[in-house]
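Dumped model.txt below, it's compact mmCIF, C-alpha atoms and all ligand atoms:
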# COMPACT_ATOMS: atom_id res chain seq x y z
CA MET S 1 19.51 30.16 2.77
CA ALA S 2 21.69 28.10 0.43
CA SER S 3 21.79 29.02 -3.23
CA MET S 4 23.70 28.48 -6.44
CA GLN S 5 25.42 31.50 -7.85
CA ASN S 6 24.35 33.33 -11.00
CA THR S 7 20.60 33.38 -10.43
CA PRO S 8 19.53 36.45 -12.44
CA LYS S 9 17.24 39.19 -11.12
CA THR S 10 14.68 38.97 -13.94
CA MET S 11 13.26 36.14 -16.03
CA LYS S 12 11.01 35.19 -18.92
CA ALA S 13 7.45 34.42 -17.82
CA ILE S 14 3.85 34.22 -18.98
CA LEU S 15 1.48 36.49 -17.06
CA LEU S 16 -2.29 36.68 -16.75
CA HIS S 17 -3.08 40.36 -16.17
CA GLU S 18 -6.88 40.23 -16.11
CA TYR S 19 -9.48 37.46 -15.97
CA GLY S 20 -10.65 36.61 -19.45
CA GLY S 21 -7.74 38.54 -21.00
CA ASN S 22 -4.85 37.14 -23.00
CA TYR S 23 -1.78 35.57 -21.47
CA ARG S 24 1.21 37.80 -22.14
CA PHE S 25 4.89 36.94 -22.55
CA HIS S 26 7.36 39.06 -20.57
CA ASP S 27 11.15 38.89 -20.33
CA ASP S 28 11.61 41.20 -17.35
CA THR S 29 9.58 39.55 -14.58
CA PRO S 30 11.35 39.54 -11.19
CA VAL S 31 12.82 36.18 -10.14
CA PRO S 32 11.23 35.15 -6.79
CA SER S 33 13.67 36.11 -4.03
CA ASP S 34 11.55 35.90 -0.87
CA LEU S 35 12.13 32.24 0.01
CA ASP S 36 10.63 31.04 3.30
CA ASP S 37 12.28 28.41 5.50
CA TYR S 38 10.57 25.49 3.71
CA ASP S 39 10.82 26.96 0.21
CA VAL S 40 13.05 26.04 -2.70
CA LEU S 41 13.67 27.99 -5.89
CA ILE S 42 13.35 25.74 -8.93
CA ALA S 43 14.97 26.58 -12.26
CA ILE S 44 12.06 25.36 -14.38
CA LYS S 45 12.85 22.99 -17.24
CA SER S 46 9.32 21.95 -18.28
CA ALA S 47 5.79 22.79 -17.13
CA GLY S 48 2.41 21.34 -18.08
CA PHE S 49 -0.84 23.09 -18.95
CA CYS S 50 -3.82 21.77 -16.98
CA HIS S 51 -7.54 22.23 -17.46
CA THR S 52 -7.66 24.16 -14.14
CA GLU S 53 -5.55 26.88 -15.78
CA MET S 54 -8.57 27.88 -17.88
CA LEU S 55 -10.77 28.15 -14.76
CA VAL S 56 -8.28 30.67 -13.35
CA HIS S 57 -7.91 32.35 -16.73
CA ASP S 58 -11.70 32.88 -16.88
CA GLY S 59 -11.87 34.05 -13.25
CA ILE S 60 -13.98 31.10 -12.05
CA ILE S 61 -11.18 30.32 -9.64
CA LYS S 62 -9.63 33.54 -8.32
CA ALA S 63 -5.93 34.11 -7.78
CA LYS S 64 -4.77 35.91 -4.64
CA GLN S 65 -3.64 38.72 -6.91
CA LEU S 66 -3.02 39.50 -10.56
CA PRO S 67 -0.89 39.40 -12.56
CA LEU S 68 -0.39 35.67 -12.09
CA ILE S 69 2.09 33.22 -13.60
CA PRO S 70 0.07 30.11 -14.55
CA SER S 71 0.96 26.36 -14.55
CA HIS S 72 1.07 24.01 -11.59
CA GLU S 73 2.99 21.15 -13.19
CA PRO S 74 6.65 22.12 -12.79
CA THR S 75 9.82 20.10 -13.18
CA GLY S 76 13.32 21.48 -12.90
CA VAL S 77 16.40 21.77 -10.73
CA ILE S 78 16.71 23.19 -7.20
CA VAL S 79 18.88 26.35 -7.27
CA ALA S 80 18.16 27.80 -3.82
CA MET S 81 16.68 26.46 -0.61
CA GLY S 82 15.46 27.72 2.78
CA THR S 83 16.91 26.61 6.11
CA LYS S 84 14.20 24.06 6.99
CA VAL S 85 14.21 22.11 3.72
CA SER S 86 14.63 18.38 4.43
CA HIS S 87 18.13 16.96 3.95
CA GLU S 88 16.73 14.53 1.41
CA PHE S 89 16.91 17.45 -1.07
CA LYS S 90 20.04 19.37 -2.11
CA LEU S 91 21.01 22.04 -4.62
CA GLY S 92 21.09 20.69 -8.18
CA ASP S 93 18.49 17.94 -7.52
CA ARG S 94 16.02 17.13 -10.29
CA VAL S 95 12.51 17.60 -8.87
CA GLY S 96 8.85 18.17 -9.62
CA ALA S 97 6.33 19.80 -7.26
CA LEU S 98 2.65 19.48 -6.46
CA ASN S 99 0.86 22.82 -6.36
CA CYS S 100 0.31 22.92 -2.57
CA HIS S 101 2.04 25.80 -0.80
CA HIS S 102 2.29 26.72 2.89
CA GLN S 103 -0.44 24.81 4.72
CA CYS S 104 -1.35 26.63 7.95
CA GLY S 105 -0.23 23.85 10.30
CA GLN S 106 -3.01 24.66 12.77
CA CYS S 107 -6.36 23.68 11.25
CA SER S 108 -8.09 20.32 11.76
CA ASP S 109 -6.79 19.09 8.38
CA CYS S 110 -3.20 20.05 9.12
CA LEU S 111 -3.41 18.53 12.63
CA ASN S 112 -4.93 15.31 11.21
CA ASP S 113 -2.16 14.92 8.62
CA LYS S 114 -4.38 16.00 5.70
CA PRO S 115 -2.57 19.24 4.68
CA LEU S 116 -3.82 18.76 1.11
CA TYR S 117 -7.25 19.87 2.34
CA CYS S 118 -6.03 22.89 4.37
CA ASP S 119 -8.30 25.80 3.42
CA ASP S 120 -5.57 28.32 4.15
CA ARG S 121 -2.87 26.91 1.90
CA ASN S 122 -2.05 28.42 -1.49
CA SER S 123 -1.78 26.69 -4.84
CA THR S 124 1.10 27.59 -7.14
CA GLY S 125 -0.05 28.57 -10.62
CA ILE S 126 -3.60 28.99 -9.30
CA THR S 127 -3.65 31.35 -6.31
CA ILE S 128 0.05 32.33 -6.41
CA ASN S 129 2.73 32.34 -9.13
CA GLY S 130 3.43 29.07 -10.93
CA ALA S 131 5.72 27.46 -13.45
CA PHE S 132 5.33 29.21 -16.83
CA ALA S 133 8.56 31.06 -16.02
CA GLU S 134 12.28 30.40 -15.79
CA TYR S 135 12.08 30.18 -11.98
CA GLN S 136 9.37 29.19 -9.50
CA LYS S 137 9.21 29.16 -5.74
CA ALA S 138 7.91 25.85 -4.36
CA ASP S 139 7.19 24.41 -0.91
CA SER S 140 9.72 21.62 -0.31
CA ARG S 141 7.16 19.60 1.68
CA TRP S 142 5.40 19.02 -1.66
CA LEU S 143 8.48 18.18 -3.73
CA VAL S 144 8.90 14.92 -5.60
CA SER S 145 12.37 13.69 -6.61
CA LEU S 146 12.51 13.09 -10.32
CA PRO S 147 14.59 9.99 -11.15
CA ASP S 148 16.94 10.17 -14.16
CA GLU S 149 14.67 7.71 -16.02
CA ILE S 150 11.97 10.40 -16.28
CA SER S 151 12.77 13.38 -18.54
CA PHE S 152 11.68 16.84 -17.40
CA GLU S 153 9.01 17.05 -20.12
CA GLN S 154 7.68 13.60 -19.20
CA GLY S 155 7.76 14.48 -15.51
CA ALA S 156 5.70 17.68 -15.82
CA PRO S 157 2.30 16.04 -16.57
CA LEU S 158 2.78 13.74 -13.58
CA MET S 159 2.66 16.65 -11.10
CA CYS S 160 -1.09 17.22 -11.51
CA ALA S 161 -2.63 14.93 -14.15
CA GLY S 162 -0.58 11.90 -13.13
CA ALA S 163 -0.83 12.42 -9.38
CA THR S 164 -4.58 13.04 -9.57
CA ALA S 165 -5.26 9.99 -11.74
CA PHE S 166 -3.06 7.68 -9.63
CA ASN S 167 -4.54 8.83 -6.32
CA ALA S 168 -8.13 8.52 -7.59
CA ILE S 169 -7.49 4.93 -8.73
CA GLU S 170 -5.89 4.05 -5.38
CA LYS S 171 -8.98 5.46 -3.65
CA CYS S 172 -11.23 3.12 -5.65
CA ALA S 173 -9.58 0.31 -3.58
CA LEU S 174 -10.13 -2.38 -6.21
CA LYS S 175 -8.71 -5.88 -6.08
CA LYS S 176 -6.57 -7.26 -8.93
CA GLY S 177 -8.74 -8.50 -11.78
CA GLU S 178 -11.66 -6.20 -10.95
CA ILE S 179 -13.06 -3.89 -13.60
CA LEU S 180 -12.37 -0.13 -13.64
CA ALA S 181 -14.27 1.94 -16.18
CA ILE S 182 -12.57 5.27 -16.98
CA ILE S 183 -14.74 7.96 -18.55
CA GLY S 184 -12.83 10.82 -20.19
CA LEU S 185 -9.59 9.94 -21.96
CA GLY S 186 -7.83 13.30 -21.94
CA ALA S 187 -4.58 13.99 -20.10
CA LEU S 188 -5.67 12.30 -16.87
CA GLY S 189 -7.53 9.52 -18.63
CA HIS S 190 -4.69 8.31 -20.83
CA LEU S 191 -2.46 8.11 -17.74
CA ALA S 192 -5.22 6.49 -15.68
CA VAL S 193 -5.60 3.73 -18.28
CA GLN S 194 -1.89 2.89 -18.02
CA PHE S 195 -1.79 3.06 -14.20
CA ALA S 196 -4.87 0.85 -13.86
CA LYS S 197 -3.60 -1.75 -16.33
CA CYS S 198 -0.24 -1.91 -14.52
CA MET S 199 -2.05 -2.29 -11.18
CA GLY S 200 -3.69 -5.44 -12.55
CA PHE S 201 -7.25 -4.22 -13.15
CA LYS S 202 -9.37 -4.82 -16.20
CA VAL S 203 -9.81 -1.45 -17.84
CA VAL S 204 -12.74 -0.09 -19.83
CA ALA S 205 -11.85 3.22 -21.55
CA ILE S 206 -14.80 5.42 -22.49
CA ASP S 207 -15.02 8.68 -24.45
CA ASN S 208 -17.09 10.17 -27.25
CA ARG S 209 -14.11 11.58 -29.16
CA GLN S 210 -12.31 9.57 -31.80
CA GLU S 211 -8.75 10.82 -31.27
CA PRO S 212 -8.50 9.98 -27.55
CA LEU S 213 -10.16 6.58 -28.16
CA GLU S 214 -7.56 5.80 -30.81
CA LEU S 215 -4.73 7.12 -28.66
CA VAL S 216 -5.43 4.78 -25.72
CA GLN S 217 -5.62 1.77 -28.03
CA LYS S 218 -2.05 2.51 -29.17
CA LEU S 219 -0.61 2.79 -25.64
CA LYS S 220 1.91 0.25 -24.38
CA TYR S 221 -0.64 -0.59 -21.68
CA SER S 222 -3.91 -0.40 -23.59
CA PRO S 223 -7.41 -0.94 -22.19
CA ASP S 224 -9.23 -4.29 -22.31
CA LEU S 225 -12.21 -2.59 -23.89
CA THR S 226 -12.91 0.83 -25.41
CA ILE S 227 -16.42 2.21 -25.68
CA ASP S 228 -17.51 5.13 -27.85
CA LEU S 229 -20.07 6.77 -25.61
CA SER S 230 -21.76 8.51 -28.53
CA LYS S 231 -22.49 5.23 -30.30
CA THR S 232 -23.10 2.83 -27.42
CA ASP S 233 -26.21 2.90 -25.25
CA ILE S 234 -25.98 1.92 -21.59
CA GLU S 235 -27.47 -1.54 -22.06
CA ASN S 236 -24.96 -2.37 -24.78
CA ALA S 237 -22.08 -0.91 -22.73
CA ILE S 238 -22.98 -3.10 -19.73
CA LYS S 239 -23.18 -6.16 -21.99
CA GLN S 240 -19.67 -5.46 -23.29
CA ILE S 241 -18.32 -4.80 -19.79
CA ASN S 242 -19.83 -8.07 -18.55
CA SER S 243 -17.93 -9.95 -21.23
CA LEU S 244 -14.79 -9.14 -19.18
CA HIS S 245 -16.12 -11.05 -16.15
CA PRO S 246 -15.47 -14.75 -15.82
CA PRO S 247 -18.95 -16.26 -16.27
CA THR S 248 -19.93 -17.16 -12.69
CA LYS S 249 -23.21 -16.48 -10.96
CA TYR S 250 -21.44 -14.48 -8.22
CA ASN S 251 -20.63 -11.59 -10.52
CA TYR S 252 -22.68 -8.43 -10.50
CA SER S 253 -23.46 -6.73 -13.75
CA GLY S 254 -21.33 -3.69 -14.61
CA ALA S 255 -17.98 -2.18 -13.61
CA ASP S 256 -16.64 -2.60 -10.07
CA ALA S 257 -15.69 1.08 -10.04
CA THR S 258 -16.13 3.96 -12.44
CA LEU S 259 -13.73 6.90 -12.58
CA VAL S 260 -15.17 10.09 -14.08
CA LEU S 261 -12.46 12.37 -15.45
CA THR S 262 -14.63 14.62 -17.58
CA GLU S 263 -17.31 17.25 -17.04
CA PRO S 264 -20.46 16.76 -19.14
CA ILE S 265 -23.40 15.79 -16.91
CA SER S 266 -24.27 13.02 -19.38
CA ALA S 267 -20.95 11.33 -18.52
CA PHE S 268 -21.92 11.16 -14.83
CA LYS S 269 -25.31 9.61 -15.68
CA TYR S 270 -23.60 7.05 -17.90
CA ALA S 271 -21.00 6.30 -15.23
CA LEU S 272 -23.57 5.70 -12.53
CA ALA S 273 -25.61 3.43 -14.79
CA ILE S 274 -22.67 1.20 -15.72
CA THR S 275 -21.39 0.93 -12.11
CA LYS S 276 -22.29 -2.40 -10.54
CA LYS S 277 -24.47 -2.79 -7.45
CA HIS S 278 -22.28 -2.12 -4.34
CA GLY S 279 -19.70 -0.48 -6.65
CA THR S 280 -17.99 2.93 -6.48
CA MET S 281 -18.24 6.02 -8.66
CA MET S 282 -15.10 8.15 -8.19
CA VAL S 283 -15.56 11.80 -9.19
CA VAL S 284 -12.63 13.90 -10.42
CA GLY S 285 -14.18 15.88 -13.28
CA ALA S 286 -15.82 18.99 -11.85
CA PRO S 287 -18.78 20.35 -13.82
CA ARG S 288 -19.99 23.81 -12.82
CA GLU S 289 -23.54 22.54 -12.16
CA PRO S 290 -24.57 19.84 -9.63
CA ILE S 291 -24.45 16.20 -10.76
CA PRO S 292 -27.77 14.34 -10.69
CA ILE S 293 -27.83 11.19 -8.54
CA GLU S 294 -31.10 9.30 -8.14
CA VAL S 295 -31.34 8.16 -4.56
CA SER S 296 -32.15 4.59 -5.64
CA ASN S 297 -28.51 4.34 -6.76
CA LEU S 298 -27.40 5.05 -3.19
CA ILE S 299 -30.05 3.04 -1.37
CA ARG S 300 -31.21 0.14 -3.51
CA ARG S 301 -28.02 -0.24 -5.56
CA ASP S 302 -25.71 0.66 -2.63
CA ILE S 303 -23.32 2.62 -4.84
CA THR S 304 -20.67 4.71 -3.12
CA VAL S 305 -20.02 8.10 -4.70
CA LYS S 306 -16.71 9.66 -3.71
CA GLY S 307 -14.52 12.51 -4.91
CA SER S 308 -10.75 12.72 -5.18
CA LEU S 309 -8.49 15.78 -4.99
CA LEU S 310 -4.93 15.83 -6.40
CA ALA S 311 -2.85 13.48 -4.20
CA SER S 312 -1.06 13.30 -0.89
CA ILE S 313 2.68 13.77 -1.28
CA GLU S 314 3.15 10.10 -0.31
CA SER S 315 0.83 8.98 -3.12
CA ALA S 316 2.60 11.29 -5.62
CA ARG S 317 5.99 9.85 -4.67
CA ARG S 318 4.62 6.29 -5.06
CA MET S 319 3.28 7.29 -8.46
CA VAL S 320 6.68 8.50 -9.71
CA LYS S 321 8.30 5.18 -8.66
CA PHE S 322 5.44 3.30 -10.35
CA VAL S 323 5.98 5.26 -13.59
CA VAL S 324 9.68 4.28 -13.62
CA GLN S 325 8.95 0.65 -12.71
CA HIS S 326 6.50 0.21 -15.61
CA GLY S 327 7.93 2.66 -18.14
CA ILE S 328 4.68 4.61 -18.34
CA LYS S 329 4.73 7.53 -20.80
CA SER S 330 2.50 10.54 -21.38
CA GLU S 331 1.50 11.51 -24.91
CA ILE S 332 2.81 15.07 -25.01
CA LYS S 333 3.01 17.97 -27.40
CA THR S 334 5.66 20.56 -26.56
CA TYR S 335 5.85 24.35 -26.95
CA SER S 336 8.15 27.22 -26.08
CA LEU S 337 7.13 29.81 -23.48
CA GLU S 338 6.63 32.38 -26.27
CA GLU S 339 4.09 30.04 -27.93
CA VAL S 340 1.79 29.81 -24.88
CA PRO S 341 -0.52 32.80 -25.63
CA ASN S 342 -1.28 31.71 -29.20
CA LYS S 343 -0.19 28.34 -30.61
CA MET S 344 -0.52 26.36 -27.37
CA LEU S 345 -3.92 27.84 -26.48
CA GLU S 346 -5.25 27.22 -29.99
CA ASP S 347 -4.23 23.57 -29.71
CA PHE S 348 -5.74 23.33 -26.23
CA HIS S 349 -9.13 24.44 -27.56
CA SER S 350 -8.99 22.20 -30.63
CA PRO S 351 -11.65 19.45 -30.63
CA ASN S 352 -8.96 16.94 -31.63
CA MET S 353 -6.82 17.76 -28.61
CA LYS S 354 -5.33 14.62 -27.06
CA GLY S 355 -2.75 13.86 -24.40
CA LYS S 356 -0.94 16.67 -22.65
CA LEU S 357 0.49 20.08 -23.59
CA VAL S 358 3.90 20.76 -22.08
CA VAL S 359 6.06 23.89 -22.28
CA ASN S 360 9.83 23.45 -22.40
CA ILE S 361 11.38 26.43 -20.67
CA SER S 362 15.09 25.69 -20.57
CA SER S 363 17.15 22.68 -21.57
ZN ZN T 401 -4.13 20.51 -12.63
ZN ZN T 402 -4.26 24.04 7.71
The structure in this file should be written as structure tokens.
Ligand SMILES: [Zn+2]
Ligand SMILES: [Zn+2]
Amino acid sequence: MASMQNTPKTMKAILLHEYGGNYRFHDDTPVPSDLDDYDVLIAIKSAGFCHTEMLVHDGIIKAKQLPLIPSHEPTGVIVAMGTKVSHEFKLGDRVGALNCHHQCGQCSDCLNDKPLYCDDRNSTGITINGAFAEYQKADSRWLVSLPDEISFEQGAPLMCAGATAFNAIEKCALKKGEILAIIGLGALGHLAVQFAKCMGFKVVAIDNRQEPLELVQKLKYSPDLTIDLSKTDIENAIKQINSLHPPTKYNYSGADATLVLTEPISAFKYALAITKKHGTMMVVGAPREPIPIEVSNLIRRDITVKGSLLASIESARRMVKFVVQHGIKSEIKTYSLEEVPNKMLEDFHSPNMKGKLVVNISS
């Protein structure tokens, strides 16, 4: 194992001790020392707070054991590495990491080059310790190099929100000029709008909250159309979407694909209704109850309904290059580690919450 000197034995970290309990700040948590062959130790600079964190916090998703260090959107610098880490990485490199950790290598998914779906792998910040700490262990097979053009705090939201949004849009397989409707303009949505615009699609941004609707209109790559879901019925929404089509008789009515990045069931109904015949509804938002799909949408309207999980490492690496190429930025609000249990959580639950919450851990 190669390592930089001076890695301390203990560190500052946020811990979840019991489901539904408060996060607690500690300054004497052991620094991970049990690196496997493929592992790296990252000195964390910034880490994002994702919606999934609350599902773990509330015990809906269970960690392997408690206490748990949350956050699965790390960026930082490699300070130690196992013997099998690829030579493309070296000590001192600026990196981010997806949450995937130690796929089994033997299941059908691993053997078919889909390790993302391996049921035996862990997820940092979710099933095992994550990034709200000064150091985090990460699997080097899921590392992304962070170019100098992307700051640590801008890089953090890309490791889950960015990767998930980018991959889901790629899976829609649209052609340039086609219409993508994005429902839910939170952290993923405001990145999805920028990715989709830069990929050459016409973008319809939909939400029922004023702040996110205003935010996307101010982005460098803003949508072609915004729709306030609470004030616009489906018929009116389709009429507005159709105004983005060139007026030829070959065009179907509605969006070529619809990307659902939010959870209310009403959003899924709306999405399906504004998707064109033969179009695609891409599901990323995960409500706790089943989503209603009338069979006529599948049979008579020939709509494809698909889901999308995080991203392959190849897609995540493409995304980081794409962000640099187009100068895409996340709207972020930053906090210190000590502020996570109170100030950051209060902001997260605020109805006016927009963009992404990022914790700066060391400079
Ligand atoms: Zn996430
Ligand atoms: Zn596997």
Please report the interatomic distance between CA of Met159 in chain S and CA of Ile328 in chain S in Å with one decimal. 14.2 Å
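Of the listed residues (S:His72, S:Lys176, S:Lys114, S:His87), S:His72 comes nearest to Ile126 in chain S; the distances count all atoms listed in the file.
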Ligand ZN 401 (chain T): which residues are within 9 Å, counting only C-alpha atoms and all ligand atoms? Reply as a PyMOL selection string. chain S and resi 48-53+71-73+99+157+159-161+164+310
Name all residues at most 10 Å from Lys202 in chain S (count only C-alpha atoms; drop same-chain ones fewer than 4 positions away) and give them as a ChimeraX atom specification. /S:176-181,193,196-198,223-225,241,244-245,255-256
Could you tell me, counting only C-alpha atoms and all ligand atoms, which protein and nucleic acid residues lie no more than 7 Å from ligand ZN 402 (chain T), written as a list in words?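 Here is the list of contacting residues: Gln103, Cys104, Gly105, Gln106, Cys107, Ser108, Asp109, Cys110, Pro115, Cys118, Asp119, Asp120 and Arg121 of chain S.
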Counting all atoms listed in the file, figure out which residue out of S:Lys354, S:His26, S:Lys137, S:Lys269 gets nearest to Leu191 in chain S.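 Counting all atoms listed in the file, the residue closest to Leu191 in chain S is S:Lys354.
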For the interface of range 79-119 of chain S with range 3-18 of chain S (cut-off 7 Å, counting all atoms listed in the file), please tabulate each contacting residue of range 79-119 of chain S alongside its nearest pair of atoms and their separation in Å to one decimal, rows sorted by chain and increasing number, as a Markdown table.
| residue | atom | partner | partner_atom | distance |
| --- | --- | --- | --- | --- |
| S:Val79 | CA | S:Met4 | CA | 5.3 |
| S:Ala80 | CA | S:Ser3 | CA | 3.9 |
| S:Met81 | CA | S:Ser3 | CA | 6.3 |
Output file for the residues above (C-alpha atoms, as an mmCIF file, keeping the file's coordinate frame):
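The result, stored in selection.cif:
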data_model
loop_
_atom_site.group_PDB
_atom_site.id
_atom_site.type_symbol
_atom_site.label_atom_id
_atom_site.label_comp_id
_atom_site.auth_asym_id
_atom_site.auth_seq_id
_atom_site.Cartn_x
_atom_site.Cartn_y
_atom_site.Cartn_z
ATOM 1 C CA VAL S 79 18.880 26.350 -7.270
ATOM 2 C CA ALA S 80 18.160 27.800 -3.820
ATOM 3 C CA MET S 81 16.680 26.460 -0.610
#
How many Å separate CA of Leu215 in chain S from CA of Phe166 in chain S?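 Pair CA of Leu215 in chain S / CA of Phe166 in chain S returns 19.1 Å.
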Would you mind completing range 72-80 of chain S to all heavy atoms and writing the output as a CSV table (one decimal), in the frame of the given file?
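The new file rebuild.csv reads:
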chain,number,residue,atom,x,y,z
S,72,HIS,N,0.8,24.7,-12.9
S,72,HIS,CA,1.1,24.0,-11.6
S,72,HIS,C,1.6,22.6,-11.8
S,72,HIS,O,1.4,21.7,-11.0
S,72,HIS,CB,-0.2,24.0,-10.7
S,72,HIS,CG,-1.4,23.4,-11.4
S,72,HIS,ND1,-2.2,24.1,-12.2
S,72,HIS,CD2,-1.9,22.1,-11.4
S,72,HIS,CE1,-3.2,23.4,-12.6
S,72,HIS,NE2,-3.0,22.1,-12.1
S,73,GLU,N,2.3,22.4,-12.9
S,73,GLU,CA,3.0,21.2,-13.2
S,73,GLU,C,4.5,21.4,-13.5
S,73,GLU,O,4.9,21.2,-14.7
S,73,GLU,CB,2.3,20.4,-14.4
S,73,GLU,CG,0.9,20.0,-14.0
S,73,GLU,CD,0.2,19.2,-15.1
S,73,GLU,OE1,0.4,19.5,-16.3
S,73,GLU,OE2,-0.4,18.2,-14.8
S,74,PRO,N,5.3,21.8,-12.5
S,74,PRO,CA,6.6,22.1,-12.8
S,74,PRO,C,7.6,20.9,-12.6
S,74,PRO,O,7.4,20.1,-11.8
S,74,PRO,CB,7.0,23.1,-11.7
S,74,PRO,CG,6.1,22.7,-10.5
S,74,PRO,CD,4.9,22.0,-11.1
S,75,THR,N,8.6,20.9,-13.5
S,75,THR,CA,9.8,20.1,-13.2
S,75,THR,C,11.0,21.0,-13.5
S,75,THR,O,11.0,21.9,-14.3
S,75,THR,CB,9.9,18.8,-14.1
S,75,THR,OG1,9.9,19.2,-15.4
S,75,THR,CG2,8.8,17.8,-13.8
S,76,GLY,N,12.1,20.7,-12.7
S,76,GLY,CA,13.3,21.5,-12.9
S,76,GLY,C,14.4,21.1,-11.9
S,76,GLY,O,14.4,20.0,-11.4
S,77,VAL,N,15.2,22.0,-11.6
S,77,VAL,CA,16.4,21.8,-10.7
S,77,VAL,C,16.4,22.8,-9.6
S,77,VAL,O,16.1,24.0,-9.8
S,77,VAL,CB,17.7,21.9,-11.6
S,77,VAL,CG1,18.9,21.9,-10.7
S,77,VAL,CG2,17.8,20.8,-12.6
S,78,ILE,N,16.7,22.3,-8.4
S,78,ILE,CA,16.7,23.2,-7.2
S,78,ILE,C,18.0,24.1,-7.3
S,78,ILE,O,19.1,23.6,-7.4
S,78,ILE,CB,16.8,22.4,-5.9
S,78,ILE,CG1,15.5,21.5,-5.7
S,78,ILE,CG2,16.9,23.3,-4.7
S,78,ILE,CD1,15.6,20.6,-4.5
S,79,VAL,N,17.7,25.4,-7.2
S,79,VAL,CA,18.9,26.4,-7.3
S,79,VAL,C,19.0,27.2,-6.0
S,79,VAL,O,20.0,27.9,-5.8
S,79,VAL,CB,18.8,27.3,-8.5
S,79,VAL,CG1,19.0,26.5,-9.8
S,79,VAL,CG2,17.5,28.1,-8.5
S,80,ALA,N,18.0,27.1,-5.1
S,80,ALA,CA,18.2,27.8,-3.8
S,80,ALA,C,17.2,27.1,-2.8
S,80,ALA,O,16.2,26.6,-3.3
S,80,ALA,CB,17.8,29.3,-3.9
